[in-house]
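A.B. asks: Got a structure for you, written out below as structure tokens; questions coming shortly.
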Amino acid sequence: MPKLQVALYWAASCGGCEIATLAIGDKILKLAEVADIVFWPVAIDAKYADVEKMTDKSIDVCLFNGAIRNSENEHLAKLLRQKSKIMIAYGSCAVEGCIPGLANFFNASMILDNTYLDTASTDNAGKTIPQTKVSIPEGELDLPEFYNTVKTLAQTVDVDYFIPGCPPEERTTWLALEALISGKLPPKGTVIAHPAQAVCNDCPRVKHEKKIKAFHRPYEIIPEPDKCLLEQGLLCYGVATRGGCGAPCPQANMPCTGCYGPVEGVRDQGSHFLTALASIIDATEPEEIEKILDGIVDPAGTFYRYSLPDAMINRARIKP
Amino acid sequence: MTDFEPKIVAFLCNWCSYRGADLAGTSRIKCAPNVRPIRVMCSGRVEPAFILRAFELGADGVLVLGCHPGDCHYAEGNYKALRRMMLLKKMLPQLGIEEDRFRLDWVSASEGDKFATVVNDITEKVRALGPFKTKEETKVA
């Protein structure tokens with residue numbers, strides 16, 4: 001059997017997904033037995049031009065991590081889609097936008113101004129801001145164009161499978177790789193993860209009926225070791241997040257932040273968590289509800305931490 | 001912009017507000033024709049996702065009407081709606097959705113006049129705000 005031709009790419013991401021790929025440990029040797037990696041900027045020296053020269057669909061599988069934030073990301077997404085039989089959105093950035101997607105609360109000029117002009121530690125007397133083209137004596141240089149809106153991979157090209165997580169847990173990555181190696185692939189569009197309705201199903205903490213009088217941030221309290229974190233007033237996202245990760249965060253006393261994306265059947269993860277949270281607030285008077293809600297300091301940023309570009313309202317409307 | 005007619009989606013609870021709207025009709029109370037009513041069994045049935053989806057699909061404003069506190073047919077569905085919509089209202093400005101585009105209010109089956117007042121009020125406020133657009137150019141202008 002010929003070896004699988006595999007490509008890996010990172011677009012707007014932090015590099016964590018690359019490490020997550022390696023987190024499968026010695027199983028990587030098993031992967032090397034059956035697959036050749038033909039393109040992986042972080043690890044091997046293949047250039048974009050090499051990919052351009054490949055014949056269409058000559059790559060069997062592309063694991064694409066990172067969101068689409070600039071023209072380079074978009075170009076590579078389209079190029080790799082053209083060259084690959086199977087395109088996989090690997091990790092939360094590619095699946096739903098993730099942390100880079102929080103930039104959708106702003107637009108390009110706000111971000112560039114803040115980064116290059118307005119921050120207190122910036123010394124930029126010439127007010128230099130990156131340009132897509134600049135002429136120097138040696139010739140013309142170009143930079144990718146920085147977009148106003150961060151997009152997911154599936155908003156840019158056709159995607160076959162989704163692997164959730166920021167980054168995907170080792171077990172999730174291996175589940176997907178096993179399916180690829182064995183050729184037992186699920187239907188197109190499947191989110192590949194161990195079946196569990198929500199993170200709560202994976203979480204061993206004891207759960208009761210939830211009634212909340214006050215919300216806390218993780219640094220404000222020391223949570224009881226065995227009791228549901230949400231019941232203790234921490235904004236634990238487990239109720240509205242796809243399970244399969246094994247719930248490592250709540251088991252380490254940290255609330256779930258929602259990186260595995262919405263549970264099956266839900267499209268807008270943020271409002272789903274909002275709905276769940278508001279329902280368990282133990283108050284009926286507007287003044288008291290308001291006081292309890294003041295404990296949620298950044299609702300949109302908390303609810304859409306990983307999924308703003310994939311949400312129903314996928315960016316903030318900025319008045320000109 | 002002068003010929004802009006706001007599209008407003010209104011979620012009305014079956015037991016109070018939908019009947020309040022009916023009463024407004026049978027009493028021949030004049031009110032703005034901009035509202036598209038959707039009957040739900042209870043304001044507690046209205047998920048915040050419904051409201052975001054309405055905006056996504058082109059609504060300029062969204063109205064949720066339920067029974068007065070204490071009068072809910074299902075005892076406390078409207079309290080649930082109150083908590084959810086208060087939290088949603090806290091979040092909407094972060095997404096650039098003006099406060100006046102969304103309103104939760106209570107209209108009983110006998111309050112046809114209040115129904116008309118609420119509908120006229122949100123219609124005029126949304127008219128003043130102009131059309132709601134979610135889509136924005138991806139590229140730098």
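Just remember, in the structure tokens the first chain shown is A, the second B, etc., residues are 1-based per chain, and ligands are 1-based in the order shown.
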Could you tell me which residues of chain A sit within 8 Å of chain B when counting only C-alpha atoms, and give me the result as an MDAnalysis selection string?
C.D. replies: chainID A and resid 105 108:109 145:149 268 271:272 274:275 278:279 281 284 286 289:290 293 298:300 312:319
A.B. asks: Write out, as an mmCIF file, in the first residue's frame, the residues just selected, with N, CA and C atoms.
C.D. replies:
data_model
loop_
_atom_site.group_PDB
_atom_site.id
_atom_site.type_symbol
_atom_site.label_atom_id
_atom_site.label_comp_id
_atom_site.auth_asym_id
_atom_site.auth_seq_id
_atom_site.Cartn_x
_atom_site.Cartn_y
_atom_site.Cartn_z
ATOM 1 N N PHE A 105 -14.162 41.692 17.405
ATOM 2 C CA PHE A 105 -14.779 42.775 18.178
ATOM 3 C C PHE A 105 -14.269 44.137 17.687
ATOM 4 N N ALA A 108 -9.769 46.115 11.237
ATOM 5 C CA ALA A 108 -8.336 46.104 10.951
ATOM 6 C C ALA A 108 -7.650 47.395 11.391
ATOM 7 N N SER A 109 -8.265 48.533 11.083
ATOM 8 C CA SER A 109 -7.563 49.788 11.397
ATOM 9 C C SER A 109 -7.468 50.003 12.907
ATOM 10 N N GLU A 145 -2.173 40.929 3.131
ATOM 11 C CA GLU A 145 -3.169 41.934 3.494
ATOM 12 C C GLU A 145 -3.891 41.495 4.766
ATOM 13 N N PHE A 146 -4.011 42.417 5.715
ATOM 14 C CA PHE A 146 -4.628 42.134 7.017
ATOM 15 C C PHE A 146 -6.127 42.416 6.913
ATOM 16 N N TYR A 147 -6.969 41.377 7.092
ATOM 17 C CA TYR A 147 -8.406 41.545 6.884
ATOM 18 C C TYR A 147 -9.109 42.164 8.091
ATOM 19 N N ASN A 148 -10.258 42.717 7.807
ATOM 20 C CA ASN A 148 -11.104 43.270 8.871
ATOM 21 C C ASN A 148 -11.697 42.193 9.765
ATOM 22 N N THR A 149 -12.016 41.062 9.137
ATOM 23 C CA THR A 149 -12.783 40.041 9.832
ATOM 24 C C THR A 149 -12.056 38.701 9.770
ATOM 25 N N ASP A 268 -24.836 28.163 17.732
ATOM 26 C CA ASP A 268 -24.246 29.350 18.359
ATOM 27 C C ASP A 268 -23.894 29.016 19.812
ATOM 28 N N SER A 271 -24.455 31.950 22.766
ATOM 29 C CA SER A 271 -25.794 32.203 23.297
ATOM 30 C C SER A 271 -26.346 30.966 24.006
ATOM 31 N N HIS A 272 -25.840 29.805 23.635
ATOM 32 C CA HIS A 272 -26.259 28.577 24.309
ATOM 33 C C HIS A 272 -25.793 28.578 25.763
ATOM 34 N N LEU A 274 -24.969 31.318 27.400
ATOM 35 C CA LEU A 274 -25.694 32.443 28.010
ATOM 36 C C LEU A 274 -27.046 31.968 28.542
ATOM 37 N N THR A 275 -27.749 31.206 27.681
ATOM 38 C CA THR A 275 -29.073 30.708 28.043
ATOM 39 C C THR A 275 -28.998 29.820 29.290
ATOM 40 N N ALA A 278 -28.062 32.019 32.504
ATOM 41 C CA ALA A 278 -29.121 32.907 32.994
ATOM 42 C C ALA A 278 -30.227 32.087 33.652
ATOM 43 N N SER A 279 -30.446 30.865 33.144
ATOM 44 C CA SER A 279 -31.540 30.050 33.661
ATOM 45 C C SER A 279 -31.321 29.614 35.103
ATOM 46 N N ILE A 281 -29.700 31.350 37.470
ATOM 47 C CA ILE A 281 -29.554 32.444 38.440
ATOM 48 C C ILE A 281 -30.743 32.405 39.398
ATOM 49 N N THR A 284 -35.476 36.672 41.059
ATOM 50 C CA THR A 284 -36.584 37.034 40.181
ATOM 51 C C THR A 284 -36.752 38.547 40.065
ATOM 52 N N PRO A 286 -35.525 42.251 39.102
ATOM 53 C CA PRO A 286 -34.526 42.803 38.181
ATOM 54 C C PRO A 286 -33.287 43.368 38.873
ATOM 55 N N ILE A 289 -31.116 40.477 39.984
ATOM 56 C CA ILE A 289 -30.537 39.803 38.818
ATOM 57 C C ILE A 289 -29.370 40.633 38.280
ATOM 58 N N GLU A 290 -29.615 41.936 38.194
ATOM 59 C CA GLU A 290 -28.580 42.855 37.688
ATOM 60 C C GLU A 290 -27.307 42.725 38.525
ATOM 61 N N LEU A 293 -25.579 39.567 37.718
ATOM 62 C CA LEU A 293 -24.983 39.614 36.384
ATOM 63 C C LEU A 293 -23.734 40.490 36.337
ATOM 64 N N ASP A 298 -17.229 40.354 31.272
ATOM 65 C CA ASP A 298 -17.111 40.495 29.818
ATOM 66 C C ASP A 298 -17.971 39.412 29.148
ATOM 67 N N PRO A 299 -19.289 39.623 29.092
ATOM 68 C CA PRO A 299 -20.157 38.535 28.612
ATOM 69 C C PRO A 299 -19.778 38.045 27.209
ATOM 70 N N ALA A 300 -19.684 38.934 26.240
ATOM 71 C CA ALA A 300 -19.441 38.484 24.857
ATOM 72 C C ALA A 300 -18.074 37.801 24.757
ATOM 73 N N MET A 312 -23.609 33.383 15.125
ATOM 74 C CA MET A 312 -24.651 33.973 14.279
ATOM 75 C C MET A 312 -24.323 35.429 13.980
ATOM 76 N N ILE A 313 -23.943 36.167 14.995
ATOM 77 C CA ILE A 313 -23.435 37.523 14.781
ATOM 78 C C ILE A 313 -21.927 37.384 14.904
ATOM 79 N N ASN A 314 -21.240 37.302 13.754
ATOM 80 C CA ASN A 314 -19.854 36.823 13.783
ATOM 81 C C ASN A 314 -18.817 37.927 13.931
ATOM 82 N N ARG A 315 -19.291 39.159 14.100
ATOM 83 C CA ARG A 315 -18.348 40.232 14.381
ATOM 84 C C ARG A 315 -19.130 41.403 14.961
ATOM 85 N N ALA A 316 -18.419 42.276 15.658
ATOM 86 C CA ALA A 316 -19.078 43.470 16.176
ATOM 87 C C ALA A 316 -19.306 44.433 15.027
ATOM 88 N N ARG A 317 -20.436 45.108 15.068
ATOM 89 C CA ARG A 317 -20.668 46.151 14.079
ATOM 90 C C ARG A 317 -19.962 47.410 14.575
ATOM 91 N N ILE A 318 -19.070 47.911 13.766
ATOM 92 C CA ILE A 318 -18.292 49.084 14.162
ATOM 93 C C ILE A 318 -18.849 50.282 13.410
ATOM 94 N N LYS A 319 -19.238 51.301 14.162
ATOM 95 C CA LYS A 319 -19.749 52.512 13.491
ATOM 96 C C LYS A 319 -18.581 53.265 12.871
#
A.B. asks: List the neighbours of Cys14 of chain A out to 9 Å using only C-alpha atoms; skip same-chain residues closer than 3 positions along the sequence, and give me the result as a ChimeraX atom specification.
C.D. replies: /A:10-11,17-18,66,100
A.B. asks: Kindly indicate which residue among A:Arg205, A:Lys188, A:Lys27, A:Lys151 lies nearest to Pro223 of chain A, using only C-alpha atoms for the distances.
C.D. replies: A:Arg205
A.B. asks: Within 9 Å of segment 23-30 of chain B, which residues of segment 103-132 of chain B come that close, and what is the closest atom pair and distance in Å for each? Count only C-alpha atoms and give it as a tab-separated table.
C.D. replies:
residue	atom	partner	partner_atom	distance
B:Ala109	CA	B:Leu23	CA	7.2
B:Ser110	CA	B:Leu23	CA	7.0
B:Glu111	CA	B:Leu23	CA	7.5
B:Gly112	CA	B:Ala24	CA	4.0
B:Asp113	CA	B:Ala24	CA	6.2
B:Lys114	CA	B:Ala24	CA	8.5
B:Phe115	CA	B:Ala24	CA	6.9
B:Ala116	CA	B:Ala24	CA	6.7
A.B. asks: Excluding same-chain residues fewer than 2 positions from segment 34-47 of chain A, what lies within 7 Å of it counting only C-alpha atoms, as an mmCIF file with N, CA and C atoms, in the first residue's frame?
C.D. replies:
data_model
loop_
_atom_site.group_PDB
_atom_site.id
_atom_site.type_symbol
_atom_site.label_atom_id
_atom_site.label_comp_id
_atom_site.auth_asym_id
_atom_site.auth_seq_id
_atom_site.Cartn_x
_atom_site.Cartn_y
_atom_site.Cartn_z
ATOM 1 N N LYS A 3 2.235 4.936 0.748
ATOM 2 C CA LYS A 3 2.107 5.728 1.974
ATOM 3 C C LYS A 3 1.144 6.894 1.778
ATOM 4 N N LEU A 4 0.452 7.246 2.876
ATOM 5 C CA LEU A 4 -0.425 8.416 2.848
ATOM 6 C C LEU A 4 0.429 9.674 2.688
ATOM 7 N N GLN A 5 0.003 10.566 1.819
ATOM 8 C CA GLN A 5 0.695 11.842 1.679
ATOM 9 C C GLN A 5 -0.016 12.855 2.579
ATOM 10 N N VAL A 6 0.704 13.378 3.579
ATOM 11 C CA VAL A 6 0.075 14.246 4.573
ATOM 12 C C VAL A 6 0.720 15.628 4.551
ATOM 13 N N ALA A 7 -0.120 16.653 4.630
ATOM 14 C CA ALA A 7 0.384 18.023 4.773
ATOM 15 C C ALA A 7 -0.171 18.620 6.057
ATOM 16 N N LEU A 8 0.630 19.442 6.719
ATOM 17 C CA LEU A 8 0.150 20.167 7.893
ATOM 18 C C LEU A 8 0.449 21.642 7.670
ATOM 19 N N TYR A 9 -0.497 22.490 8.073
ATOM 20 C CA TYR A 9 -0.255 23.912 7.899
ATOM 21 C C TYR A 9 -0.803 24.694 9.081
ATOM 22 N N LYS A 30 4.281 5.333 14.578
ATOM 23 C CA LYS A 30 3.280 4.540 13.877
ATOM 24 C C LYS A 30 2.767 5.324 12.662
ATOM 25 N N LEU A 31 2.607 6.619 12.877
ATOM 26 C CA LEU A 31 2.155 7.479 11.786
ATOM 27 C C LEU A 31 3.201 7.505 10.683
ATOM 28 N N ALA A 32 4.480 7.598 11.092
ATOM 29 C CA ALA A 32 5.561 7.678 10.105
ATOM 30 C C ALA A 32 5.658 6.403 9.263
ATOM 31 N N ALA A 49 6.108 27.289 -2.943
ATOM 32 C CA ALA A 49 6.265 26.994 -4.374
ATOM 33 C C ALA A 49 6.243 25.485 -4.625
ATOM 34 N N ASP A 50 6.775 24.715 -3.652
ATOM 35 C CA ASP A 50 6.744 23.253 -3.810
ATOM 36 C C ASP A 50 5.302 22.750 -3.827
ATOM 37 N N VAL A 51 4.468 23.340 -2.972
ATOM 38 C CA VAL A 51 3.061 22.931 -2.939
ATOM 39 C C VAL A 51 2.387 23.300 -4.254
#
A.B. asks: To one decimal in Å, tell me the separation between atom CA of Gly233 of chain A and atom CA of Gly101 of chain A.
C.D. replies: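 Computing it gives 26.7 Å between the two atoms.
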A.B. asks: Which residues are close to Thr190 of chain A, i.e. within 9 Å by only C-alpha atoms, leaving aside same-chain residues fewer than 5 positions away? Reply as a compact mmCIF listing (two decimals) with C-alpha atoms, in the first residue's frame.
C.D. replies:
# COMPACT_ATOMS: atom_id res chain seq x y z
CA ASP A 160 -14.28 17.50 5.17
CA TYR A 161 -13.74 16.96 8.90
CA PHE A 162 -13.36 18.98 12.06
CA ILE A 163 -11.13 18.19 15.01
A.B. asks: Rank A:Ile296, A:Ala240, A:Leu234, A:Cys200 by their smallest atom-to-atom distance to Gly265 of chain A, using only C-alpha atoms, and report the top residue only.
C.D. replies: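 Nearest candidate to Gly265 of chain A out of A:Ile296, A:Ala240, A:Leu234, A:Cys200: A:Ala240.
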A.B. asks: Could you name the residues that touch Asn73 of chain A at 10 Å or less, counting only C-alpha atoms, but leaving out those on the same chain fewer than 2 positions away, as a PyMOL selection string?
C.D. replies: chain A and resi 9-12+66-71+75-79+144-146+153+156
A.B. asks: What residues in segment 5-103 of chain B get the DSSP label helix (DSSP H, G or I)? Please answer as a PyMOL selection string.
C.D. replies: chain B and resi 17-26+43-45+48-56+77-95+99-101
A.B. asks: With N, CA and C atoms retained, export the selected residues as a compact mmCIF listing (two decimals), in the first residue's frame.
C.D. replies:
# COMPACT_ATOMS: atom_id res chain seq x y z
N SER B 17 -49.45 37.70 25.64
CA SER B 17 -49.09 38.75 24.68
C SER B 17 -49.71 38.54 23.30
N TYR B 18 -49.81 37.28 22.87
CA TYR B 18 -50.43 37.04 21.56
C TYR B 18 -51.90 37.45 21.61
N ARG B 19 -52.51 37.18 22.77
CA ARG B 19 -53.91 37.58 22.93
C ARG B 19 -54.02 39.09 23.08
N GLY B 20 -53.01 39.70 23.67
CA GLY B 20 -52.97 41.16 23.74
C GLY B 20 -52.91 41.75 22.34
N ALA B 21 -52.10 41.10 21.48
CA ALA B 21 -51.99 41.57 20.09
C ALA B 21 -53.33 41.38 19.37
N ASP B 22 -53.99 40.25 19.65
CA ASP B 22 -55.30 39.97 19.07
C ASP B 22 -56.31 41.04 19.48
N LEU B 23 -56.25 41.38 20.76
CA LEU B 23 -57.17 42.39 21.29
C LEU B 23 -56.93 43.72 20.61
N ALA B 24 -55.64 44.05 20.41
CA ALA B 24 -55.32 45.30 19.71
C ALA B 24 -55.99 45.29 18.34
N GLY B 25 -55.99 44.14 17.69
CA GLY B 25 -56.59 44.01 16.37
C GLY B 25 -58.11 44.12 16.42
N THR B 26 -58.72 43.32 17.30
CA THR B 26 -60.19 43.33 17.35
C THR B 26 -60.71 44.66 17.87
N SER B 43 -42.70 33.01 26.97
CA SER B 43 -41.49 33.82 26.74
C SER B 43 -40.25 33.06 27.22
N GLY B 44 -40.45 32.11 28.13
CA GLY B 44 -39.35 31.27 28.60
C GLY B 44 -38.86 30.31 27.53
N ARG B 45 -39.64 30.17 26.44
CA ARG B 45 -39.22 29.31 25.34
C ARG B 45 -38.23 30.04 24.43
N PRO B 48 -32.02 33.07 23.64
CA PRO B 48 -31.31 34.22 23.08
C PRO B 48 -30.82 33.96 21.65
N ALA B 49 -30.57 32.69 21.32
CA ALA B 49 -30.14 32.36 19.95
C ALA B 49 -31.21 32.76 18.93
N PHE B 50 -32.50 32.68 19.32
CA PHE B 50 -33.56 33.07 18.38
C PHE B 50 -33.40 34.55 18.00
N ILE B 51 -33.02 35.34 18.98
CA ILE B 51 -32.92 36.78 18.76
C ILE B 51 -31.73 37.09 17.85
N LEU B 52 -30.60 36.42 18.15
CA LEU B 52 -29.41 36.61 17.31
C LEU B 52 -29.68 36.13 15.89
N ARG B 53 -30.40 35.02 15.78
CA ARG B 53 -30.72 34.47 14.47
C ARG B 53 -31.61 35.44 13.69
N ALA B 54 -32.53 36.06 14.38
CA ALA B 54 -33.40 37.04 13.72
C ALA B 54 -32.56 38.18 13.15
N PHE B 55 -31.63 38.67 13.96
CA PHE B 55 -30.73 39.74 13.47
C PHE B 55 -29.90 39.24 12.29
N GLU B 56 -29.41 38.00 12.41
CA GLU B 56 -28.58 37.44 11.34
C GLU B 56 -29.35 37.37 10.03
N GLY B 77 -41.88 30.83 33.76
CA GLY B 77 -41.19 30.94 32.46
C GLY B 77 -40.75 32.35 32.16
N ASN B 78 -41.58 33.32 32.55
CA ASN B 78 -41.21 34.71 32.23
C ASN B 78 -40.05 35.21 33.09
N TYR B 79 -39.88 34.64 34.28
CA TYR B 79 -38.70 35.02 35.08
C TYR B 79 -37.43 34.51 34.40
N LYS B 80 -37.56 33.31 33.84
CA LYS B 80 -36.42 32.76 33.09
C LYS B 80 -36.11 33.67 31.91
N ALA B 81 -37.16 34.10 31.21
CA ALA B 81 -36.97 35.02 30.08
C ALA B 81 -36.31 36.31 30.56
N LEU B 82 -36.76 36.81 31.69
CA LEU B 82 -36.20 38.06 32.22
C LEU B 82 -34.70 37.94 32.45
N ARG B 83 -34.28 36.84 33.10
CA ARG B 83 -32.85 36.67 33.39
C ARG B 83 -32.04 36.54 32.10
N ARG B 84 -32.58 35.75 31.17
CA ARG B 84 -31.85 35.54 29.92
C ARG B 84 -31.74 36.84 29.13
N MET B 85 -32.84 37.56 29.03
CA MET B 85 -32.83 38.76 28.20
C MET B 85 -32.01 39.87 28.85
N MET B 86 -31.98 39.89 30.19
CA MET B 86 -31.13 40.89 30.86
C MET B 86 -29.66 40.63 30.55
N LEU B 87 -29.28 39.35 30.55
CA LEU B 87 -27.89 39.02 30.24
C LEU B 87 -27.60 39.28 28.76
N LEU B 88 -28.55 38.95 27.91
CA LEU B 88 -28.38 39.21 26.47
C LEU B 88 -28.23 40.72 26.23
N LYS B 89 -29.06 41.50 26.93
CA LYS B 89 -29.01 42.96 26.77
C LYS B 89 -27.65 43.52 27.19
N LYS B 90 -27.06 42.86 28.19
CA LYS B 90 -25.73 43.27 28.64
C LYS B 90 -24.67 42.98 27.57
N MET B 91 -24.92 41.92 26.78
CA MET B 91 -23.92 41.49 25.80
C MET B 91 -24.07 42.19 24.45
N LEU B 92 -25.29 42.50 24.04
CA LEU B 92 -25.52 43.02 22.68
C LEU B 92 -24.67 44.23 22.31
N PRO B 93 -24.51 45.23 23.22
CA PRO B 93 -23.68 46.38 22.83
C PRO B 93 -22.25 45.99 22.48
N GLN B 94 -21.74 44.91 23.09
CA GLN B 94 -20.38 44.46 22.75
C GLN B 94 -20.29 44.00 21.31
N LEU B 95 -21.42 43.57 20.76
CA LEU B 95 -21.45 43.15 19.36
C LEU B 95 -21.89 44.30 18.46
N GLU B 99 -28.92 49.23 21.98
CA GLU B 99 -29.86 48.80 23.00
C GLU B 99 -31.31 48.87 22.51
N ASP B 100 -31.62 49.91 21.73
CA ASP B 100 -33.00 50.12 21.31
C ASP B 100 -33.50 49.11 20.27
N ARG B 101 -32.60 48.29 19.75
CA ARG B 101 -33.05 47.31 18.76
C ARG B 101 -33.70 46.09 19.39
A.B. asks: Can you tell me which residues surround Lys227 of chain A at a distance of at most 12 Å, considering only C-alpha atoms, apart from same-chain residues fewer than 4 positions away, and format the answer as a PDB file with C-alpha atoms, in the first residue's frame?
C.D. replies:
ATOM      1  CA  CYS A 200     -20.054  17.652  32.129  1.00  0.00           C
ATOM      2  CA  CYS A 203     -16.348  15.599  34.479  1.00  0.00           C
ATOM      3  CA  PRO A 204     -16.242  13.590  37.714  1.00  0.00           C
ATOM      4  CA  ARG A 205     -17.323  16.485  39.954  1.00  0.00           C
ATOM      5  CA  VAL A 206     -20.586  15.958  41.848  1.00  0.00           C
ATOM      6  CA  LYS A 207     -23.544  17.830  40.390  1.00  0.00           C
ATOM      7  CA  HIS A 208     -26.727  18.999  42.087  1.00  0.00           C
ATOM      8  CA  GLU A 209     -29.562  21.250  41.018  1.00  0.00           C
ATOM      9  CA  LYS A 210     -27.912  24.539  40.117  1.00  0.00           C
ATOM     10  CA  ILE A 222     -10.608  28.456  46.154  1.00  0.00           C
ATOM     11  CA  PRO A 223     -13.125  25.953  44.804  1.00  0.00           C
ATOM     12  CA  GLU A 231     -22.530  25.455  41.251  1.00  0.00           C
ATOM     13  CA  GLN A 232     -19.718  27.278  43.053  1.00  0.00           C
ATOM     14  CA  GLY A 233     -20.291  30.334  40.864  1.00  0.00           C
ATOM     15  CA  LEU A 234     -17.387  29.876  38.471  1.00  0.00           C
ATOM     16  CA  PRO A 250     -12.300  21.086  35.791  1.00  0.00           C
ATOM     17  CA  GLN A 251     -10.230  18.207  37.158  1.00  0.00           C
ATOM     18  CA  ASN A 253      -9.719  23.127  39.457  1.00  0.00           C
ATOM     19  CA  PRO A 255     -13.456  26.008  34.852  1.00  0.00           C
TER      20      PRO A 255
END
A.B. asks: Check the DSSP output for the backbone and give back, as a list of chain:residue names, the residues of segment 103-199 of chain A in strand (DSSP E).
C.D. replies: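 Everything in segment 103-199 of chain A that counts as strand (DSSP E) is A:Lys133, A:Val134, A:Ser135, A:Ile136, A:Gly139, A:Glu140, A:Leu141, A:Asp142, A:Phe146, A:Tyr147, A:Asn148, A:Thr149, A:Val150, A:Lys151, A:Tyr161, A:Phe162, A:Ile163.
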A.B. asks: Do you have the atom CA of Met54 of chain A-atom CA of Lys85 of chain A distance handy?
C.D. replies: 12.7 Å
A.B. asks: If we count only C-alpha atoms, what is near Ala311 of chain A at a cut-off of 8 Å, once residues fewer than 2 positions away on the same chain are taken out, given as a ChimeraX atom specification?
C.D. replies: /A:267-270,304,307-309,313-314
A.B. asks: Could the residues in this selection be saved with N, CA and C atoms as a compact mmCIF listing (two decimals), in the first residue's frame?
C.D. replies:
# COMPACT_ATOMS: atom_id res chain seq x y z
N ARG A 267 -25.71 25.58 17.07
CA ARG A 267 -24.87 26.33 16.16
C ARG A 267 -24.13 27.45 16.87
N ASP A 268 -24.84 28.16 17.73
CA ASP A 268 -24.25 29.35 18.36
C ASP A 268 -23.89 29.02 19.81
N GLN A 269 -22.61 28.72 20.03
CA GLN A 269 -22.19 28.25 21.35
C GLN A 269 -22.36 29.33 22.42
N GLY A 270 -22.04 30.56 22.05
CA GLY A 270 -22.08 31.64 23.02
C GLY A 270 -23.45 31.85 23.62
N TYR A 304 -18.15 33.95 23.75
CA TYR A 304 -17.64 33.69 22.40
C TYR A 304 -16.11 33.60 22.37
N SER A 307 -15.53 31.09 19.66
CA SER A 307 -16.42 30.84 18.52
C SER A 307 -16.99 32.09 17.86
N LEU A 308 -16.41 33.26 18.12
CA LEU A 308 -17.02 34.46 17.54
C LEU A 308 -17.12 34.42 16.01
N PRO A 309 -16.05 34.07 15.26
CA PRO A 309 -16.19 34.08 13.80
C PRO A 309 -17.24 33.09 13.28
N ILE A 313 -23.94 36.17 15.00
CA ILE A 313 -23.43 37.52 14.78
C ILE A 313 -21.93 37.38 14.90
N ASN A 314 -21.24 37.30 13.75
CA ASN A 314 -19.85 36.82 13.78
C ASN A 314 -18.82 37.93 13.93
A.B. asks: As an exercise, work out the distance from atom CA of Leu80 of chain A to atom CA of Ala94 of chain A in Å and give it to one decimal place.
C.D. replies: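 Here the two named atoms are 13.6 Å from each other.
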A.B. asks: Using only C-alpha atoms, can you tell me which of A:Val134, A:Ala252, A:Ile24, A:Ile292 comes closest to Glu169 of chain A?
C.D. replies: A:Ile24
